[in-house]
>>> print(open('start.tsv').read())   # TSV, C-alpha atoms and all ligand atoms
chain	number	residue	atom	x	y	z
Z	10	MET	CA	17.05	22.96	23.23
Z	11	ARG	CA	16.80	21.13	19.88
Z	12	SER	CA	13.23	20.70	18.68
Z	13	PRO	CA	12.20	17.07	18.49
Z	14	SER	CA	11.93	15.57	15.04
Z	15	LEU	CA	10.77	12.16	13.94
Z	16	THR	CA	11.59	9.83	11.05
Z	17	VAL	CA	8.70	7.57	10.09
Z	18	HIS	CA	8.77	4.79	7.48
Z	19	ALA	CA	5.87	4.38	5.07
Z	20	PRO	CA	6.18	0.80	3.79
Z	21	ALA	CA	4.65	-0.47	0.56
Z	22	LYS	CA	1.46	-2.49	1.03
Z	23	ILE	CA	1.22	-5.68	-1.01
Z	24	ASN	CA	-2.14	-7.40	-1.47
Z	25	LEU	CA	-1.04	-11.05	-1.67
Z	26	ALA	CA	-4.69	-11.89	-2.41
Z	27	LEU	CA	-7.67	-9.63	-3.13
Z	28	HIS	CA	-11.19	-10.95	-3.65
Z	29	VAL	CA	-14.03	-8.61	-4.62
Z	30	THR	CA	-17.17	-9.98	-2.94
Z	31	GLY	CA	-19.82	-7.30	-3.40
Z	32	ARG	CA	-20.66	-3.65	-3.69
Z	33	ARG	CA	-22.13	-1.13	-1.23
Z	34	ALA	CA	-25.01	1.17	-2.08
Z	35	ASP	CA	-22.55	4.11	-2.35
Z	36	GLY	CA	-20.60	2.29	-5.08
Z	37	TYR	CA	-17.60	1.28	-2.94
Z	38	HIS	CA	-16.68	-2.38	-3.32
Z	39	LEU	CA	-16.60	-5.01	-0.59
Z	40	ILE	CA	-13.28	-6.79	-0.59
Z	41	GLU	CA	-11.42	-9.50	1.31
Z	42	THR	CA	-7.70	-9.03	1.10
Z	43	LEU	CA	-4.62	-10.49	2.70
Z	44	ALA	CA	-2.08	-7.67	2.87
Z	45	VAL	CA	1.54	-7.57	3.98
Z	46	PHE	CA	4.13	-4.78	4.11
Z	47	SER	CA	7.60	-4.62	2.61
Z	48	GLN	CA	10.86	-3.17	3.90
Z	49	THR	CA	10.91	-0.94	0.80
Z	50	GLY	CA	8.96	2.26	1.24
Z	51	ASP	CA	8.83	6.03	1.48
Z	52	VAL	CA	10.44	7.92	4.36
Z	53	LEU	CA	8.98	10.96	6.16
Z	54	GLU	CA	10.89	13.31	8.42
Z	55	LEU	CA	8.61	15.45	10.58
Z	56	ALA	CA	9.54	18.43	12.75
Z	57	PRO	CA	7.70	21.25	14.52
Z	58	ALA	CA	7.84	24.52	12.53
Z	59	ALA	CA	6.45	28.05	12.50
Z	60	THR	CA	4.55	27.38	9.27
Z	61	ASP	CA	3.44	24.23	7.48
Z	62	ALA	CA	5.78	22.93	4.79
Z	63	LEU	CA	6.10	19.82	2.62
Z	64	ALA	CA	9.29	19.13	0.67
Z	65	ILE	CA	9.44	16.15	-1.65
Z	66	ALA	CA	12.57	14.42	-2.93
Z	67	GLY	CA	13.39	10.92	-4.14
Z	68	PRO	CA	13.06	8.94	-7.39
Z	69	PHE	CA	9.27	9.37	-7.74
Z	70	ALA	CA	8.95	12.98	-6.46
Z	71	ASP	CA	8.03	14.28	-9.93
Z	72	ALA	CA	5.05	11.91	-10.19
Z	73	LEU	CA	3.23	13.68	-7.36
Z	74	PRO	CA	0.67	16.49	-7.62
Z	75	ASP	CA	1.85	20.00	-6.66
Z	76	GLY	CA	-0.16	22.14	-4.26
Z	77	GLY	CA	-2.28	21.05	-1.33
Z	78	ASP	CA	-3.56	17.85	-2.90
Z	79	ASN	CA	-0.95	15.59	-1.34
Z	80	LEU	CA	-2.43	12.99	1.00
Z	81	ILE	CA	0.21	14.02	3.57
Z	82	GLU	CA	-1.26	17.54	3.71
Z	83	ARG	CA	-4.78	16.19	3.86
Z	84	ALA	CA	-3.80	13.90	6.76
Z	85	ARG	CA	-2.19	16.82	8.64
Z	86	GLU	CA	-5.35	18.95	8.18
Z	87	ARG	CA	-7.63	16.09	9.22
Z	88	LEU	CA	-5.67	15.53	12.44
Z	89	ARG	CA	-5.80	19.24	13.35
Z	90	ASP	CA	-9.55	19.34	12.65
Z	91	ALA	CA	-10.14	16.38	14.95
Z	92	PHE	CA	-8.03	17.65	17.87
Z	93	PRO	CA	-8.70	21.24	19.01
Z	94	GLN	CA	-5.50	21.22	21.11
Z	95	ALA	CA	-3.51	20.74	17.87
Z	96	ARG	CA	-5.08	23.59	15.89
Z	97	ASP	CA	-2.11	25.94	16.42
Z	98	ARG	CA	0.55	23.33	15.70
Z	99	ARG	CA	2.52	23.58	12.46
Z	100	SER	CA	5.02	21.12	11.00
Z	101	SER	CA	7.60	20.78	8.29
Z	102	ILE	CA	7.57	17.41	6.53
Z	103	ARG	CA	10.18	16.03	4.19
Z	104	LEU	CA	9.07	13.10	2.05
Z	105	THR	CA	11.49	10.84	0.23
Z	106	LYS	CA	9.27	9.27	-2.42
Z	107	ASN	CA	10.79	5.87	-3.17
Z	108	LEU	CA	7.56	4.15	-4.27
Z	109	PRO	CA	5.88	4.57	-7.67
Z	110	VAL	CA	2.59	6.52	-7.64
Z	111	ALA	CA	-0.85	5.09	-8.49
Z	112	ALA	CA	0.80	1.68	-8.38
Z	113	GLY	CA	-1.40	-0.65	-6.28
Z	114	ILE	CA	0.99	-0.60	-3.32
Z	115	GLY	CA	-0.73	2.13	-1.30
Z	116	GLY	CA	2.14	4.61	-1.38
Z	117	GLY	CA	-0.07	7.64	-0.79
Z	118	SER	CA	-2.09	5.85	1.89
Z	119	SER	CA	1.08	4.72	3.65
Z	120	ASP	CA	2.44	8.30	3.54
Z	121	ALA	CA	-0.83	9.55	5.05
Z	122	ALA	CA	-0.74	6.80	7.72
Z	123	ALA	CA	2.85	7.74	8.61
Z	124	THR	CA	1.79	11.40	8.85
Z	125	LEU	CA	-1.10	10.58	11.21
Z	126	ARG	CA	1.12	8.36	13.40
Z	127	GLY	CA	4.07	10.74	13.37
Z	128	LEU	CA	2.19	13.98	14.03
Z	129	ALA	CA	0.04	12.35	16.74
Z	130	ALA	CA	3.30	11.47	18.51
Z	131	LEU	CA	4.95	14.85	17.87
Z	132	TRP	CA	1.87	16.73	19.08
Z	133	GLU	CA	1.39	14.31	22.01
Z	134	LEU	CA	-2.22	13.54	21.09
Z	135	ASP	CA	-4.02	10.91	23.11
Z	136	VAL	CA	-5.20	8.73	20.22
Z	137	GLY	CA	-4.64	5.04	19.55
Z	138	GLU	CA	-4.50	3.10	16.29
Z	139	ALA	CA	-8.29	2.60	16.19
Z	140	GLY	CA	-8.88	6.36	16.56
Z	141	LEU	CA	-6.37	7.13	13.81
Z	142	ALA	CA	-7.95	4.46	11.57
Z	143	ARG	CA	-11.38	6.12	11.96
Z	144	LEU	CA	-9.89	9.43	10.76
Z	145	GLY	CA	-7.77	7.70	8.14
Z	146	VAL	CA	-10.53	5.85	6.31
Z	147	GLU	CA	-12.00	9.25	5.36
Z	148	LEU	CA	-8.80	9.86	3.38
Z	149	GLY	CA	-8.74	6.48	1.67
Z	150	ALA	CA	-9.99	2.90	2.07
Z	151	ASP	CA	-6.38	1.68	2.36
Z	152	LEU	CA	-5.49	3.91	5.33
Z	153	PRO	CA	-6.53	1.52	8.15
Z	154	MET	CA	-4.42	-1.25	6.56
Z	155	CYS	CA	-1.42	1.06	6.24
Z	156	LEU	CA	-1.78	2.17	9.88
Z	157	ALA	CA	-1.64	-1.48	11.00
Z	158	ALA	CA	1.36	-2.23	8.70
Z	159	ARG	CA	1.57	-5.89	9.79
Z	160	PRO	CA	0.21	-9.01	8.04
Z	161	LEU	CA	-3.59	-8.75	8.08
Z	162	ILE	CA	-6.90	-9.62	6.53
Z	163	ALA	CA	-9.06	-6.62	5.65
Z	164	ARG	CA	-12.76	-6.83	4.88
Z	165	GLY	CA	-15.55	-4.30	4.26
Z	166	ILE	CA	-14.10	-1.60	1.98
Z	167	GLY	CA	-10.76	-2.23	3.73
Z	168	GLU	CA	-11.54	-0.81	7.18
Z	169	ASP	CA	-12.39	-4.07	9.00
Z	170	ILE	CA	-8.89	-5.21	10.00
Z	171	HIS	CA	-7.88	-8.55	11.51
Z	172	ARG	CA	-4.19	-8.95	12.26
Z	173	LEU	CA	-2.73	-12.35	11.46
Z	174	ALA	CA	-0.76	-14.27	14.06
Z	175	ASP	CA	2.32	-16.19	12.93
Z	176	TRP	CA	2.28	-15.03	9.31
Z	177	PRO	CA	5.88	-15.53	8.12
Z	178	ALA	CA	8.22	-12.96	6.59
Z	179	LEU	CA	8.33	-13.72	2.86
Z	180	PRO	CA	11.12	-13.01	0.34
Z	181	LEU	CA	9.46	-10.93	-2.36
Z	182	VAL	CA	10.21	-8.78	-5.41
Z	183	MET	CA	7.96	-5.91	-6.54
Z	184	VAL	CA	7.92	-5.17	-10.27
Z	185	ASN	CA	6.23	-2.10	-11.74
Z	186	PRO	CA	6.29	-1.62	-15.53
Z	187	GLY	CA	6.11	2.19	-15.25
Z	188	VAL	CA	2.43	2.78	-15.96
Z	189	ALA	CA	0.16	4.61	-13.51
Z	190	VAL	CA	-3.22	2.90	-13.03
Z	191	PRO	CA	-6.10	4.84	-11.41
Z	192	THR	CA	-7.85	2.67	-8.78
Z	193	GLN	CA	-11.33	3.97	-9.60
Z	194	ALA	CA	-11.01	3.03	-13.30
Z	195	VAL	CA	-10.08	-0.56	-12.41
Z	196	PHE	CA	-13.05	-1.05	-10.04
Z	197	ALA	CA	-15.35	0.51	-12.67
Z	198	ARG	CA	-14.21	-2.03	-15.26
Z	199	LEU	CA	-14.96	-5.18	-13.24
Z	200	GLU	CA	-17.16	-7.71	-14.98
Z	201	ARG	CA	-18.18	-9.46	-11.73
Z	202	ARG	CA	-18.54	-8.08	-8.23
Z	203	ASP	CA	-19.88	-11.14	-6.41
Z	204	ASN	CA	-16.86	-13.42	-6.31
Z	205	ALA	CA	-16.14	-16.09	-3.68
Z	206	PRO	CA	-14.45	-14.88	-0.47
Z	207	LEU	CA	-10.95	-15.95	0.58
Z	208	PRO	CA	-10.68	-19.67	1.38
Z	209	ALA	CA	-10.28	-20.67	5.06
Z	210	LEU	CA	-6.84	-19.64	6.27
Z	211	PRO	CA	-4.12	-22.31	6.36
Z	212	SER	CA	-3.71	-23.96	9.76
Z	213	ARG	CA	0.06	-24.17	9.28
Z	214	ARG	CA	1.90	-20.89	8.77
Z	215	ASP	CA	5.24	-22.05	7.38
Z	216	GLU	CA	6.28	-20.48	4.08
Z	217	LYS	CA	5.38	-23.49	1.93
Z	218	SER	CA	1.89	-23.78	3.45
Z	219	VAL	CA	1.10	-20.08	3.00
Z	220	VAL	CA	2.36	-20.04	-0.59
Z	221	ASP	CA	0.27	-23.16	-1.37
Z	222	TRP	CA	-2.74	-21.43	0.20
Z	223	LEU	CA	-2.10	-18.24	-1.80
Z	224	ALA	CA	-2.08	-20.29	-5.01
Z	225	ASP	CA	-5.78	-20.98	-4.37
Z	226	CYS	CA	-6.50	-17.25	-4.00
Z	227	ARG	CA	-6.82	-14.52	-6.65
Z	228	ASN	CA	-6.62	-10.84	-7.30
Z	229	ASP	CA	-10.05	-10.14	-8.80
Z	230	LEU	CA	-8.84	-6.73	-10.01
Z	231	GLN	CA	-6.10	-8.24	-12.17
Z	232	PRO	CA	-8.05	-8.89	-15.43
Z	233	ALA	CA	-9.61	-5.39	-15.40
Z	234	ALA	CA	-6.24	-3.77	-14.70
Z	235	ILE	CA	-4.59	-5.73	-17.54
Z	236	ALA	CA	-7.33	-4.57	-19.90
Z	237	LEU	CA	-6.45	-0.96	-18.97
Z	238	ALA	CA	-2.68	-1.47	-18.89
Z	239	PRO	CA	-1.46	-4.47	-20.94
Z	240	GLN	CA	2.10	-3.91	-19.61
Z	241	ILE	CA	0.88	-5.66	-16.43
Z	242	ALA	CA	0.66	-8.98	-18.32
Z	243	GLU	CA	4.24	-8.42	-19.44
Z	244	ALA	CA	5.32	-7.78	-15.83
Z	245	LEU	CA	3.61	-11.02	-14.73
Z	246	ASP	CA	5.44	-12.94	-17.48
Z	247	VAL	CA	8.77	-11.48	-16.37
Z	248	VAL	CA	8.05	-12.44	-12.73
Z	249	ALA	CA	7.04	-15.98	-13.76
Z	250	ALA	CA	10.27	-16.38	-15.77
Z	251	SER	CA	12.41	-15.20	-12.83
Z	252	GLY	CA	11.95	-18.32	-10.68
Z	253	ALA	CA	9.12	-17.02	-8.48
Z	254	ARG	CA	7.07	-19.64	-6.59
Z	255	LEU	CA	4.03	-17.41	-7.07
Z	256	GLY	CA	3.42	-14.23	-9.10
Z	257	ARG	CA	0.42	-11.89	-8.93
Z	258	MET	CA	-0.63	-8.22	-9.21
Z	259	SER	CA	-1.01	-6.13	-6.01
Z	260	GLY	CA	-4.09	-3.93	-5.40
Z	261	SER	CA	-5.37	-2.21	-8.53
Z	262	GLY	CA	-1.94	-2.47	-10.17
Z	263	ALA	CA	0.26	-2.02	-11.98
Z	264	THR	CA	2.82	-3.36	-9.45
Z	265	CYS	CA	3.19	-7.14	-9.55
Z	266	PHE	CA	5.06	-9.26	-7.04
Z	267	GLY	CA	6.89	-12.56	-7.00
Z	268	LEU	CA	7.44	-14.74	-3.92
Z	269	TYR	CA	10.76	-16.63	-3.73
Z	270	ASP	CA	12.30	-19.44	-1.69
Z	271	THR	CA	15.02	-17.30	-0.12
Z	272	ILE	CA	16.07	-13.64	0.04
Z	273	GLU	CA	19.10	-14.60	-2.07
Z	274	THR	CA	16.92	-15.93	-4.94
Z	275	ALA	CA	14.75	-12.81	-4.62
Z	276	ARG	CA	17.83	-10.56	-4.93
Z	277	HIS	CA	19.04	-12.60	-7.87
Z	278	ALA	CA	15.66	-12.15	-9.59
Z	279	GLU	CA	15.73	-8.39	-8.79
Z	280	ALA	CA	19.13	-8.07	-10.49
Z	281	ALA	CA	18.05	-10.11	-13.55
Z	282	ILE	CA	14.75	-8.22	-14.02
Z	283	SER	CA	16.42	-4.80	-13.55
Z	284	LYS	CA	18.96	-5.72	-16.22
Z	285	GLU	CA	16.28	-6.96	-18.62
Z	286	ARG	CA	13.93	-3.96	-18.00
Z	287	PRO	CA	16.11	-0.99	-17.05
Z	288	GLY	CA	13.19	1.50	-16.93
Z	289	TRP	CA	11.04	-0.52	-14.53
Z	290	PHE	CA	10.77	-0.21	-10.74
Z	291	VAL	CA	12.11	-3.46	-9.26
Z	292	ALA	CA	12.66	-3.93	-5.52
Z	293	ALA	CA	13.52	-7.06	-3.52
Z	294	GLY	CA	13.07	-7.40	0.21
Z	295	GLU	CA	11.51	-9.44	2.94
Z	296	THR	CA	7.96	-8.64	3.99
Z	297	THR	CA	7.42	-7.89	7.68
Z	298	GLY	CA	6.20	-11.00	9.52
Z	299	SER	CA	3.60	-11.00	12.31
Z	300	ASN	CA	6.23	-11.36	15.01
Z	301	ALA	CA	8.58	-8.58	13.87
N	1	LIG	C1	-7.45	-1.53	-4.37
N	1	LIG	C2	-6.79	-1.26	-3.03
N	1	LIG	C3	-6.60	-2.60	-2.28
N	1	LIG	O1	-5.86	-2.47	-1.10
N	1	LIG	O2	-5.50	-0.71	-3.12
N	1	LIG	P1	-4.67	0.23	-4.17
N	1	LIG	O3	-4.76	-0.36	-5.52
N	1	LIG	O4	-5.24	1.60	-4.12
N	1	LIG	O5	-3.26	0.22	-3.63
N	1	LIG	C4	-7.71	-0.37	-2.13
N	1	LIG	O6	-8.94	-1.00	-1.92
N	1	LIG	C5	-7.94	1.01	-2.66
N	1	LIG	O7	-7.85	1.90	-1.57
N	1	LIG	P2	-7.60	3.49	-1.80
N	1	LIG	O8	-6.58	3.69	-2.87
N	1	LIG	O9	-7.33	4.07	-0.45
N	1	LIG	O10	-8.98	3.88	-2.36
N	1	LIG	P3	-9.83	5.22	-2.21
N	1	LIG	O11	-8.94	6.39	-2.43
N	1	LIG	O12	-10.64	5.16	-0.94
N	1	LIG	O13	-10.83	5.05	-3.43
N	1	LIG	C6	-10.48	5.29	-4.78
N	1	LIG	C7	-11.62	4.79	-5.65
N	1	LIG	O14	-11.55	3.36	-5.74
N	1	LIG	C8	-12.83	2.78	-5.65
N	1	LIG	N1	-12.88	1.86	-4.49
N	1	LIG	C9	-11.89	1.86	-3.55
N	1	LIG	C10	-11.91	0.96	-2.50
N	1	LIG	C11	-13.00	0.03	-2.44
N	1	LIG	N2	-13.07	-0.86	-1.45
N	1	LIG	N3	-13.96	0.06	-3.39
N	1	LIG	C12	-13.91	0.94	-4.42
N	1	LIG	O15	-14.80	0.94	-5.27
N	1	LIG	C13	-13.83	3.92	-5.54
N	1	LIG	O16	-14.28	4.16	-6.84
N	1	LIG	C14	-13.00	5.09	-5.08
N	1	LIG	O17	-13.48	6.30	-5.58
N	2	LIG	N1	1.95	11.23	-0.95
N	2	LIG	C1	1.39	10.66	-2.02
N	2	LIG	N2	1.94	9.57	-2.55
N	2	LIG	C2	1.35	8.97	-3.63
N	2	LIG	N3	0.24	9.42	-4.23
N	2	LIG	C3	-0.35	10.52	-3.74
N	2	LIG	C4	0.20	11.18	-2.62
N	2	LIG	N4	-0.59	12.21	-2.36
N	2	LIG	C5	-1.59	12.21	-3.26
N	2	LIG	N5	-1.44	11.20	-4.13
N	2	LIG	C6	-2.38	10.84	-5.23
N	2	LIG	O1	-3.07	9.66	-4.79
N	2	LIG	C7	-3.35	8.79	-5.90
N	2	LIG	C8	-3.11	7.34	-5.47
N	2	LIG	O2	-1.75	7.17	-5.28
N	2	LIG	P1	-1.10	5.89	-4.58
N	2	LIG	O3	-1.42	5.83	-3.15
N	2	LIG	O4	0.35	5.89	-4.95
N	2	LIG	O5	-1.85	4.72	-5.36
N	2	LIG	P2	-1.94	3.18	-5.09
N	2	LIG	O6	-2.68	2.99	-3.81
N	2	LIG	O7	-2.67	2.61	-6.27
N	2	LIG	O8	-0.51	2.68	-5.00
N	2	LIG	C9	-2.44	9.26	-7.04
N	2	LIG	O9	-3.29	9.67	-8.08
N	2	LIG	C10	-1.64	10.42	-6.50
N	2	LIG	O10	-1.59	11.51	-7.39
>>> encode(input="start.tsv", output="structure tokens", more="lines below")
Ligand SMILES: C[C@@](CO)(OP(=O)(O)O)[C@H](O)COP(=O)(O)OP(=O)(O)OC[C@H]1O[C@@H](n2ccc(N)nc2=O)[C@H](O)[C@@H]1O
Ligand SMILES: Nc1ncnc2c1ncn2[C@@H]1O[C@H](COP(=O)(O)OP(=O)(O)O)[C@@H](O)[C@H]1O
Amino acid sequence: MRSPSLTVHAPAKINLALHVTGRRADGYHLIETLAVFSQTGDVLELAPAATDALAIAGPFADALPDGGDNLIERARERLRDAFPQARDRRSSIRLTKNLPVAAGIGGGSSDAAATLRGLAALWELDVGEAGLARLGVELGADLPMCLAARPLIARGIGEDIHRLADWPALPLVMVNPGVAVPTQAVFARLERRDNAPLPALPSRRDEKSVVDWLADCRNDLQPAAIALAPQIAEALDVVAASGARLGRMSGSGATCFGLYDTIETARHAEAAISKERPGWFVAAGETTGSNA
């Protein structure tokens, strides 16, 4: 009998808006973010094996740490620790790393979320999304968002998730100028930590209404990230010049995104930006809507 194997997608997370509203006693920041997920992402293939293995291929494989420091391995360990019936299970995992690393699009968190979801299924563990999110947040504040992988608002340090109903799929282009930005350094450089929360959500959820609403939002990490990596300002200029209805940085950067009227204009912008900046990561796609 062939052993079962699973292919799991690890989509990029895009913070369409991110407001920093406070700080906890342990130094972690309180945020309010509206996050969506793109079609573009990493891919994990998981299979039962006699010993644990992790093979990494893909355009950004070389940007990852060697050894046991990969978030995928940490997620696998964490799942085995939490479920005694899984302690003897081993797995081989093949990661195709399509997303840039330390890029503000949660690539590592999404890989870890895919590992938790995939291995829980492969090992037939009786655990739902909320149980996985409780384990996941120990690996990173972005994990609960990446486990949900649908349009959402996250509060707290990112663990308090509210899925959005009727949030539309949006044509989008991600643009990364090729500079890794450490999340911790960006939070440490903030000048203010008590900014206003997100405005009340739009009552209409058509594309025009949500883009108009997003124009009134911010990414409070953007100025600090630009101070660390001035190439981000250049990426925002390139997005603005490409016909985007709205351009902004995602997460702690350096990836920026543009929102477009149609998938065709997004693909046109992708082609133009790739030609102008051949070394940059540029990816067009539609974000996953609430009803997908
Ligand atoms: C900024 C966001 C927005 O979605 O995304 P990315 O830029 O990482 O994609 C997240 O909050 C990042 O989540 P994640 O990358 O999982 O962060 P963690 O590994 O838990 O934390 C890295 C470091 O960032 C800081 N940190 C992170 C989250 C948070 N709410 N407050 C913080 O102060 C802490 O200094 C922490 O040591
Ligand atoms: N599978 C993984 N993919 C990406 N980064 C990883 C992974 N495992 C560990 N890391 C480490 O996690 C850190 C954050 O990476 P990443 O999730 O790509 O950042 P961001 O959330 O800013 O996009 C990086 O310093 C990277 O070395």
>>> atom_distance(input="start.tsv", atom1="CA of Arg254 (chain Z)", atom2="CA of Asp225 (chain Z)")
13.1 Å
>>> atom_distance(input="start.tsv", atom1="CA of Gly262 (chain Z)", atom2="CA of Cys155 (chain Z)")
16.8 Å
>>> residues_near_ligand(input="start.tsv", ligand="ligand LIG 2 (chain N)", cutoff="7 Å", atoms="all atoms listed in the file", output="VMD selection string")
chain Z and resid 73 to 74 78 to 81 109 to 118 120 to 121 190 to 192 260 to 262
>>> residues_around(input="start.tsv", residues="region 289-293 of chain Z", least_positions_apart="3", cutoff="7 Å", atoms="all atoms listed in the file", output="list in words")
Leu181, Val182, Met183, Val184, Asn185, Pro186, Gly187, Ala275, Arg276, Glu279, Ser283 and Arg286 of chain Z
>>> closest_residue(input="start.tsv", among="Z:Glu41, Z:Glu82, Z:Glu133, Z:Glu243", to="Ile166 (chain Z)", atoms="all atoms listed in the file")
Z:Glu41
>>> closest_residue(input="start.tsv", among="Z:Phe92, Z:Ala253, Z:Thr264, Z:Ala130", to="Ala238 (chain Z)", atoms="all atoms listed in the file")
Z:Thr264
>>> build_atoms(input="start.tsv", residues="region 91-104 of chain Z", atoms="N, CA and C atoms", output="mmCIF file, in the frame of the given file")
data_model
loop_
_atom_site.group_PDB
_atom_site.id
_atom_site.type_symbol
_atom_site.label_atom_id
_atom_site.label_comp_id
_atom_site.auth_asym_id
_atom_site.auth_seq_id
_atom_site.Cartn_x
_atom_site.Cartn_y
_atom_site.Cartn_z
ATOM 1 N N ALA Z 91 -9.574 17.305 13.963
ATOM 2 C CA ALA Z 91 -10.140 16.380 14.950
ATOM 3 C C ALA Z 91 -9.688 16.695 16.381
ATOM 4 N N PHE Z 92 -8.571 17.389 16.528
ATOM 5 C CA PHE Z 92 -8.030 17.650 17.870
ATOM 6 C C PHE Z 92 -7.841 19.148 18.094
ATOM 7 N N PRO Z 93 -8.786 19.785 18.801
ATOM 8 C CA PRO Z 93 -8.700 21.240 19.010
ATOM 9 C C PRO Z 93 -7.360 21.673 19.602
ATOM 10 N N GLN Z 94 -6.772 20.830 20.469
ATOM 11 C CA GLN Z 94 -5.500 21.220 21.110
ATOM 12 C C GLN Z 94 -4.340 21.259 20.108
ATOM 13 N N ALA Z 95 -4.584 20.740 18.869
ATOM 14 C CA ALA Z 95 -3.510 20.740 17.870
ATOM 15 C C ALA Z 95 -3.689 21.832 16.819
ATOM 16 N N ARG Z 96 -4.739 22.638 16.975
ATOM 17 C CA ARG Z 96 -5.080 23.590 15.890
ATOM 18 C C ARG Z 96 -3.973 24.591 15.603
ATOM 19 N N ASP Z 97 -3.176 24.937 16.634
ATOM 20 C CA ASP Z 97 -2.110 25.940 16.420
ATOM 21 C C ASP Z 97 -0.777 25.305 16.075
ATOM 22 N N ARG Z 98 -0.736 23.991 15.966
ATOM 23 C CA ARG Z 98 0.550 23.330 15.700
ATOM 24 C C ARG Z 98 0.838 23.351 14.197
ATOM 25 N N ARG Z 99 2.077 23.601 13.861
ATOM 26 C CA ARG Z 99 2.520 23.580 12.460
ATOM 27 C C ARG Z 99 3.703 22.615 12.356
ATOM 28 N N SER Z 100 3.946 22.116 11.139
ATOM 29 C CA SER Z 100 5.020 21.120 11.000
ATOM 30 C C SER Z 100 5.674 21.235 9.631
ATOM 31 N N SER Z 101 6.948 20.927 9.597
ATOM 32 C CA SER Z 101 7.600 20.780 8.290
ATOM 33 C C SER Z 101 7.801 19.272 8.075
ATOM 34 N N ILE Z 102 7.481 18.839 6.859
ATOM 35 C CA ILE Z 102 7.570 17.410 6.530
ATOM 36 C C ILE Z 102 8.435 17.265 5.281
ATOM 37 N N ARG Z 103 9.369 16.330 5.360
ATOM 38 C CA ARG Z 103 10.180 16.030 4.190
ATOM 39 C C ARG Z 103 9.899 14.592 3.781
ATOM 40 N N LEU Z 104 9.413 14.437 2.562
ATOM 41 C CA LEU Z 104 9.070 13.100 2.050
ATOM 42 C C LEU Z 104 10.118 12.637 1.051
#
